[in-house]
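> Input file: model-v9.csv. Contents: CSV, C-alpha atoms.
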chain,number,residue,atom,x,y,z
A,1,MET,CA,-53.8,-93.4,-138.9
A,2,ARG,CA,-50.8,-94.5,-141.0
A,3,ARG,CA,-51.4,-91.7,-143.4
A,4,THR,CA,-51.4,-89.2,-140.5
A,5,ILE,CA,-48.1,-90.5,-139.2
A,6,GLN,CA,-46.6,-90.2,-142.7
A,7,VAL,CA,-47.8,-86.6,-143.0
A,8,LEU,CA,-46.5,-85.7,-139.6
A,9,LEU,CA,-43.1,-87.3,-140.3
A,10,GLY,CA,-43.0,-85.3,-143.6
A,11,VAL,CA,-43.7,-82.0,-141.8
A,12,ILE,CA,-41.1,-82.8,-139.1
A,13,THR,CA,-38.5,-83.6,-141.8
A,14,CYS,CA,-39.2,-80.5,-143.8
A,15,THR,CA,-39.0,-78.4,-140.6
A,16,ALA,CA,-35.7,-79.9,-139.6
A,17,LEU,CA,-34.1,-79.5,-143.0
A,18,SER,CA,-35.3,-75.9,-143.1
A,19,ALA,CA,-33.9,-75.1,-139.7
A,20,CYS,CA,-30.5,-76.7,-140.7
A,21,SER,CA,-30.3,-74.6,-143.8
A,22,ARG,CA,-30.7,-71.4,-141.7
A,23,ALA,CA,-28.3,-72.5,-139.0
A,24,ARG,CA,-25.0,-70.6,-138.4
A,25,PRO,CA,-22.0,-72.0,-140.2
A,26,SER,CA,-19.8,-74.3,-138.2
A,27,ASN,CA,-17.1,-73.3,-135.8
A,28,LEU,CA,-14.6,-74.1,-138.5
A,29,ASP,CA,-15.8,-71.0,-140.3
A,30,ALA,CA,-15.3,-68.9,-137.2
A,31,ALA,CA,-11.8,-70.4,-136.8
A,32,GLN,CA,-11.1,-69.4,-140.4
A,33,ILE,CA,-12.3,-65.8,-139.8
A,34,HIS,CA,-10.2,-65.6,-136.6
A,35,ALA,CA,-7.1,-66.8,-138.6
A,36,LYS,CA,-7.9,-64.2,-141.3
A,37,LEU,CA,-8.1,-61.5,-138.7
A,38,ASP,CA,-4.9,-62.7,-136.9
A,39,ALA,CA,-3.0,-62.5,-140.2
A,40,ILE,CA,-3.7,-58.7,-140.5
A,41,PRO,CA,-1.0,-56.7,-138.8
A,42,LEU,CA,-2.2,-54.2,-136.1
A,43,ASP,CA,-1.2,-51.3,-138.2
A,44,GLN,CA,-3.5,-52.3,-141.1
A,45,LYS,CA,-7.2,-51.8,-141.5
A,46,VAL,CA,-9.5,-54.8,-141.1
A,47,ASP,CA,-12.3,-55.3,-143.6
A,48,LEU,CA,-14.6,-58.1,-142.6
A,49,THR,CA,-18.3,-58.4,-143.6
A,50,ASN,CA,-21.0,-58.1,-141.0
A,51,GLN,CA,-21.7,-61.8,-141.5
A,52,GLU,CA,-18.1,-62.6,-140.6
A,53,TRP,CA,-18.2,-60.3,-137.6
A,54,GLN,CA,-21.4,-61.9,-136.4
A,55,LEU,CA,-19.7,-65.3,-136.4
A,56,ILE,CA,-16.9,-64.2,-134.1
A,57,MET,CA,-18.7,-61.7,-131.9
A,58,SER,CA,-21.2,-62.3,-129.1
A,59,PRO,CA,-24.7,-61.1,-129.8
A,60,GLN,CA,-24.2,-58.1,-127.5
A,61,GLN,CA,-20.9,-57.1,-129.1
A,62,PHE,CA,-22.4,-57.4,-132.6
A,63,TYR,CA,-25.4,-55.2,-131.6
A,64,VAL,CA,-23.2,-52.5,-130.0
A,65,MET,CA,-20.1,-52.6,-132.3
A,66,ARG,CA,-21.6,-53.4,-135.7
A,67,ARG,CA,-25.2,-51.9,-135.3
A,68,ALA,CA,-24.1,-48.8,-133.3
A,69,GLY,CA,-26.1,-49.9,-130.3
A,70,THR,CA,-25.6,-48.9,-126.7
A,71,GLU,CA,-25.4,-51.3,-123.8
A,72,ARG,CA,-27.0,-50.6,-120.4
A,73,PRO,CA,-24.8,-48.6,-117.9
A,74,SER,CA,-23.2,-50.6,-115.1
A,75,PRO,CA,-21.6,-49.7,-111.8
A,76,SER,CA,-18.5,-51.6,-113.0
A,77,GLY,CA,-18.2,-49.1,-115.9
A,78,ASN,CA,-17.0,-46.5,-113.3
A,79,ALA,CA,-14.5,-48.9,-111.7
A,80,LEU,CA,-11.0,-47.6,-111.4
A,81,ASP,CA,-8.5,-50.4,-110.8
A,82,HIS,CA,-5.3,-48.3,-111.0
A,83,ARG,CA,-3.4,-50.9,-112.9
A,84,LYS,CA,-1.0,-50.2,-115.8
A,85,GLY,CA,-2.5,-51.5,-119.0
A,86,VAL,CA,-4.3,-50.8,-122.2
A,87,TYR,CA,-7.9,-51.1,-123.4
A,88,VAL,CA,-8.1,-52.6,-126.9
A,89,CYS,CA,-10.9,-53.0,-129.4
A,90,SER,CA,-12.8,-56.2,-128.5
A,91,ALA,CA,-13.3,-56.9,-132.2
A,92,CYS,CA,-9.8,-56.4,-133.7
A,93,GLY,CA,-7.3,-55.8,-130.8
A,94,ASN,CA,-6.5,-52.2,-131.8
A,95,PRO,CA,-5.0,-50.4,-128.8
A,96,LEU,CA,-7.4,-47.6,-127.9
A,97,TYR,CA,-7.0,-46.2,-124.4
A,98,SER,CA,-4.4,-46.3,-121.6
A,99,ALA,CA,-5.7,-47.3,-118.2
A,100,GLU,CA,-4.1,-44.1,-116.9
A,101,THR,CA,-6.6,-42.0,-118.8
A,102,LYS,CA,-9.7,-43.7,-117.4
A,103,PHE,CA,-11.7,-41.8,-114.9
A,104,ASN,CA,-15.0,-42.2,-113.0
A,105,SER,CA,-17.5,-40.2,-114.9
A,106,GLY,CA,-20.5,-41.4,-112.8
A,107,THR,CA,-22.3,-42.4,-116.0
A,108,GLY,CA,-22.0,-46.2,-115.7
A,109,TRP,CA,-19.8,-46.5,-118.9
A,110,PRO,CA,-16.0,-46.6,-119.0
A,111,SER,CA,-14.8,-43.1,-119.6
A,112,PHE,CA,-11.4,-41.8,-120.7
A,113,TRP,CA,-10.0,-38.3,-121.2
A,114,GLN,CA,-8.0,-39.2,-124.4
A,115,PRO,CA,-7.3,-42.1,-126.7
A,116,ILE,CA,-3.8,-43.8,-126.7
A,117,ARG,CA,-3.1,-42.0,-129.9
A,118,LYS,CA,-5.5,-39.8,-132.0
A,119,GLN,CA,-5.2,-42.2,-135.0
A,120,ALA,CA,-6.6,-45.1,-132.9
A,121,VAL,CA,-10.1,-43.9,-133.1
A,122,HIS,CA,-12.3,-42.2,-135.7
A,123,GLU,CA,-14.6,-39.4,-134.6
A,124,ARG,CA,-17.6,-38.7,-136.9
A,125,SER,CA,-17.7,-35.0,-137.7
A,126,THR,CA,-21.4,-34.5,-136.7
A,127,PHE,CA,-22.2,-33.5,-133.1
A,128,SER,CA,-25.4,-34.1,-131.1
A,129,ALA,CA,-26.0,-32.5,-127.7
A,130,ILE,CA,-27.5,-35.7,-126.5
A,131,PHE,CA,-25.2,-38.3,-128.1
A,132,GLY,CA,-22.0,-36.3,-128.6
A,133,VAL,CA,-19.7,-37.3,-131.4
A,134,GLU,CA,-19.7,-40.9,-132.4
A,135,VAL,CA,-16.4,-42.7,-131.9
A,136,SER,CA,-15.4,-45.9,-133.8
A,137,CYS,CA,-12.3,-48.0,-134.0
A,138,ALA,CA,-10.0,-46.6,-136.8
A,139,ARG,CA,-8.8,-50.1,-137.6
A,140,CYS,CA,-12.0,-52.1,-138.0
A,141,GLY,CA,-14.8,-49.4,-138.0
A,142,SER,CA,-16.6,-50.9,-135.0
A,143,HIS,CA,-18.8,-48.5,-133.0
A,144,LEU,CA,-17.2,-47.8,-129.5
A,145,GLY,CA,-19.2,-45.0,-128.0
A,146,HIS,CA,-19.3,-41.2,-128.0
A,147,VAL,CA,-17.1,-38.3,-127.0
A,148,PHE,CA,-18.4,-35.3,-125.1
A,149,ASN,CA,-16.9,-31.9,-124.2
A,150,ASP,CA,-17.6,-32.3,-120.4
A,151,GLY,CA,-14.5,-34.3,-119.3
A,152,PRO,CA,-11.7,-33.5,-116.9
A,153,PRO,CA,-8.5,-31.6,-117.5
A,154,PRO,CA,-6.2,-31.7,-119.4
A,155,THR,CA,-8.4,-32.4,-122.5
A,156,GLU,CA,-11.9,-31.5,-121.1
A,157,LEU,CA,-13.1,-34.5,-123.1
A,158,ARG,CA,-15.1,-37.6,-122.0
A,159,TYR,CA,-14.7,-40.6,-124.3
A,160,CYS,CA,-17.7,-42.6,-123.0
A,161,MET,CA,-17.3,-46.1,-124.3
A,162,ASN,CA,-19.4,-49.3,-124.3
A,163,ALA,CA,-17.7,-51.8,-122.0
A,164,VAL,CA,-18.5,-54.7,-124.4
A,165,ALA,CA,-16.4,-52.9,-127.1
A,166,LEU,CA,-13.3,-52.9,-124.9
A,167,THR,CA,-10.9,-55.6,-123.6
A,168,TYR,CA,-8.3,-54.8,-120.9
A,169,ARG,CA,-4.7,-55.9,-121.4
A,170,GLU,CA,-2.4,-55.8,-118.3
A,171,ALA,CA,1.1,-54.3,-118.7
A,172,LEU,CA,3.9,-56.9,-118.8
A,173,ALA,CA,5.5,-57.5,-115.3
A,174,GLY,CA,8.3,-54.9,-114.7
A,175,SER,CA,7.3,-52.9,-117.7
A,176,VAL,CA,5.8,-49.4,-117.9
A,177,THR,CA,4.5,-50.2,-121.4
A,178,PRO,CA,1.4,-52.2,-121.7
A,179,ALA,CA,1.6,-55.5,-123.5
A,180,LEU,CA,0.1,-55.0,-127.0
A,181,PRO,CA,-2.3,-57.8,-127.7
A,182,ARG,CA,-2.4,-60.3,-130.5
A,183,ALA,CA,-5.5,-59.8,-132.5
A,184,ASP,CA,-7.0,-63.1,-131.3
A,185,GLN,CA,-6.9,-62.2,-127.6
A,186,GLY,CA,-10.1,-61.4,-125.7
A,187,ARG,CA,-12.5,-62.5,-128.4
A,188,PRO,CA,-15.4,-64.9,-127.8
What would the structure in this file look like if it were written as structure tokens?


Amino acid sequence: MRRTIQVLLGVITCTALSACSRARPSNLDAAQIHAKLDAIPLDQKVDLTNQEWQLIMSPQQFYVMRRAGTERPSPSGNALDHRKGVYVCSACGNPLYSAETKFNSGTGWPSFWQPIRKQAVHERSTFSAIFGVEVSCARCGSHLGHVFNDGPPPTELRYCMNAVALTYREALAGSVTPALPRADQGRP
């Protein structure tokens, strides 16, 4: 009986030590990554490893933005709130789309007829009739969604984005210009 207890305690100890060695690094590591990201000006590229991104993103954000996944459509993706503001990259804070260019595409994903500036996004040069052209953040390379040629005037484009890849920033009170975010705003 004593020998059985010793063996069981040994197995439990080994299992616990093994689990601890595979555990995510502490929040201190995530704080260091946030500090590193915050130190990079918005006009410069961000180059974090996928391991670093995984520490500071939710599992859904990581799946969509770093693995080029797609979230499920949602009725809230079509919501138009007619506020003045800007949608920024959830990963790095790069300003991407003005709220004024958002429209109800009926798809269940947030849709815009143009980016805030062409240099804010990167469009992969290949086209698929089903998936359109892949769109990623020009600052950090995170997957955002796709662009299609079936949008409204004046561009006839539909930038169909994953909601988890965007964070909304309200315009400053009394200002027509949206408040540009700090890189640390809106991250998990």

> Which residues are close to A:Ala68, i.e. within 12 Å by all atoms listed in the file, leaving aside same-chain residues fewer than 5 positions away? Reply as a list in words.

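Answer for this query is Gln60, Gln61, Phe62, Tyr63, Phe131, Glu134, Val135, Ser136, Cys137, Gly141, Ser142, His143, Leu144, Gly145, His146, Met161, Asn162 and Ala165 of chain A.
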
> Contacts of stretch 77-87 of chain A at 6 Å or less, counting only C-alpha atoms, minus same-chain residues fewer than 3 places along, as a PyMOL selection string?

chain A and resi 74+96-99+104+108-110+166-171+178

> Quick one, how far is atom CA of A:Ile33 from atom CA of A:Arg124?

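For atom CA of A:Ile33 relative to atom CA of A:Arg124, the distance reads 27.8 Å.
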
> Could you please determine the separation between atom CA of A:Met65 and atom CA of A:Pro154 in Å, to one decimal place?

28.2 Å

> So which one's closest to A:Thr49, A:Thr155, A:Arg66, A:Arg72, A:Leu172? Using all atoms listed in the file, please.

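Distance minimum relative to A:Thr49 lands on A:Arg66.
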
> Report the distance between atom CA of A:His122 and atom CA of A:Ala30 in Å, rounded to one decimal place.

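Atom CA of A:Ala30 lies 26.9 Å from atom CA of A:His122.
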
> Which residues are close to A:Arg117, i.e. within 9 Å by all atoms listed in the file, leaving aside same-chain residues fewer than 2 positions away? Reply as number ranges by chain.

A: 95-97, 114-115, 119-121

> Okay, now the selection with C-alpha atoms, as an mmCIF file, keeping the file's coordinate frame?


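Produced file result-v7.cif, reproduced below:
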data_model
loop_
_atom_site.group_PDB
_atom_site.id
_atom_site.type_symbol
_atom_site.label_atom_id
_atom_site.label_comp_id
_atom_site.auth_asym_id
_atom_site.auth_seq_id
_atom_site.Cartn_x
_atom_site.Cartn_y
_atom_site.Cartn_z
ATOM 1 C CA PRO A 95 -5.000 -50.400 -128.800
ATOM 2 C CA LEU A 96 -7.400 -47.600 -127.900
ATOM 3 C CA TYR A 97 -7.000 -46.200 -124.400
ATOM 4 C CA GLN A 114 -8.000 -39.200 -124.400
ATOM 5 C CA PRO A 115 -7.300 -42.100 -126.700
ATOM 6 C CA GLN A 119 -5.200 -42.200 -135.000
ATOM 7 C CA ALA A 120 -6.600 -45.100 -132.900
ATOM 8 C CA VAL A 121 -10.100 -43.900 -133.100
#

> Nearest to A:Val88 among A:Ile116, A:Leu37, A:Glu71, A:Cys160, with distances taken over all atoms listed in the file: which residue is it?

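Of A:Ile116, A:Leu37, A:Glu71, A:Cys160, the one nearest A:Val88, counting all atoms listed in the file, is A:Ile116.
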
> Of the candidates A:Gly151, A:Pro41, A:Pro73, A:Pro59, which shows the shortest atom-to-atom distance to A:Ala163, using only C-alpha atoms?

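Under the stated criterion, the closest residue is A:Pro73.
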